[in-house]
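Step one of this worksheet: look at the structure below.
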Amino acid sequence: MTHTHHPLDLSRLPDKHLSVATAAVDVADAIEALGVEGLPADAQAHLSAIIERQKRAGLGVPVSSAAAMLDVTPRTVRKWIDGGILELVAGSTPKKVTVLSLGAALAAVHRIRAAGQDRNLFKLVLDELDDRRTRRELADRIDALERRAWTAVSDADLDDLLG
């Protein structure tokens with residue numbers, strides 16, 4: 001029987017990369033959980049805080065470890081960096097992928113592979129991340145609209161306002 005590695009299997013990584021790789025998995029789990037319908041507001045806030053902390057930490061995972069986590073080649077990781085799916089930690093030598101971008105990619109890859117859609121993974125991941133970004137922006141806009149205090153305006157006042 002052949003053993004295949006799950007994209008989130010950390011056993012293939014060097015020990016020195018485990019803590020930052022675990023942070024990327026935490027981000028992936030938080031992103032996936034935030035997509036669940038009906039998630040309580042306090043849980044959403046907690047998961048968002050996990051993501052924000054990792055964003056501020058500025059940590060990174062080496063390209064080779066990111067490739068192992070995503071179950072792709074280092075060449076593919078570099079292509080994803082060039083394509084905007086993954087971001088590099090500024091000034092890192094050797095090159096390291098940000099925990100935040102890796103976590104987002106891990107969540108997207110996991111969902112795509114779970115659906116059995118492994119062909120053209122680059123495009124599917126890019127589309128998934130774009131969809132998540134759009135949904136997040138729309139949710140933020142809706143929240144902003146709901147927080148505003150609305151004032152009723154009469155037709156006469158509206159005519160005055162519009163000139």
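As shown in the structure tokens, the chain order sets the letters A, B, ...; within each chain, residues go from 1, and ligands are also counted from 1 in the order they appear.
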
Just asking: which residues within chain A are strand (DSSP E or B) according to DSSP, as a PDB file with C-alpha atoms, in the first residue's frame?
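And here is the file that came out, part08.pdb:
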```pdb
ATOM      1  CA  GLY A  60       7.880  32.924   6.899  1.00  0.00           C
ATOM      2  CA  VAL A  61       8.233  29.338   5.734  1.00  0.00           C
ATOM      3  CA  PRO A  62      11.099  28.427   3.381  1.00  0.00           C
ATOM      4  CA  LEU A  88       7.548  36.506   0.169  1.00  0.00           C
ATOM      5  CA  LYS A  96      10.456  32.513   2.732  1.00  0.00           C
ATOM      6  CA  VAL A  97       6.727  32.598   2.071  1.00  0.00           C
ATOM      7  CA  THR A  98       4.581  34.579   4.524  1.00  0.00           C
TER       8      THR A  98
END
```

With the cut-off set at 10 Å and counting only C-alpha atoms, tabulate each residue of segment 32-89 of chain A with an atom at most that distance from an atom of segment 122-146 of chain A, showing the nearest atom pair and its distance in Å to one decimal, ordered by chain and increasing number, as a Markdown table.
```
| residue | atom | partner | partner_atom | distance |
| --- | --- | --- | --- | --- |
| A:Gly35 | CA | A:Arg132 | CA | 8.7 |
| A:Thr76 | CA | A:Phe122 | CA | 8.6 |
| A:Val77 | CA | A:Phe122 | CA | 9.9 |
| A:Lys79 | CA | A:Phe122 | CA | 8.7 |
| A:Trp80 | CA | A:Phe122 | CA | 7.1 |
| A:Gly83 | CA | A:Leu126 | CA | 8.5 |
| A:Gly84 | CA | A:Leu126 | CA | 8.2 |
| A:Ile85 | CA | A:Leu126 | CA | 6.2 |
| A:Leu86 | CA | A:Leu126 | CA | 9.9 |
```

Can I get the selection written as a short mmCIF file (atom, residue, chain, number, x, y, z; two decimals), in the first residue's frame, with C-alpha atoms?
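Generated output (part-v9.cif):
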```
data_model
loop_
_atom_site.label_atom_id
_atom_site.label_comp_id
_atom_site.auth_asym_id
_atom_site.auth_seq_id
_atom_site.Cartn_x
_atom_site.Cartn_y
_atom_site.Cartn_z
CA GLY A 35 -16.31 30.20 5.74
CA THR A 76 5.42 25.45 -8.44
CA VAL A 77 5.78 27.51 -5.24
CA LYS A 79 5.41 30.14 -9.90
CA TRP A 80 2.75 30.87 -7.28
CA GLY A 83 1.58 34.78 -9.88
CA GLY A 84 0.63 36.52 -6.64
CA ILE A 85 -0.82 33.53 -4.80
CA LEU A 86 2.04 33.42 -2.31
#
```

#### Entry: Shell of 9 Å around Leu121 of chain A, only C-alpha atoms, local chain residues under 6 positions omitted, as an MDAnalysis selection string
chainID A and resid 109 112:113

Would you save the residues from that selection as a PDB file, in the first residue's frame, using C-alpha atoms?
```pdb
ATOM      1  CA  VAL A 109      -5.748  23.815  -1.956  1.00  0.00           C
ATOM      2  CA  ILE A 112     -10.051  22.218  -4.130  1.00  0.00           C
ATOM      3  CA  ARG A 113      -8.485  18.798  -3.610  1.00  0.00           C
TER       4      ARG A 113
END
```

### Query
Of the candidates A:Leu70, A:Gly38, A:Ala152, A:Asp118, which shows the shortest atom-to-atom distance to Leu102 of chain A, using only C-alpha atoms?
A:Leu70

### Query
With only C-alpha atoms as the basis for distance, which of A:Val153, A:Val20, A:Ala114, A:Leu158 is at the shortest distance from Ser65 of chain A?
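The shortest atom-to-atom distance to Ser65 of chain A comes from A:Val20.
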
### Task
Within segment 30-128 of chain A, find each residue whose DSSP state, derived from the backbone, is alpha helix (DSSP H), and express the selection as a PyMOL selection string.
chain A and resi 30-34+41-57+63-70+74-82+99-114+121-128
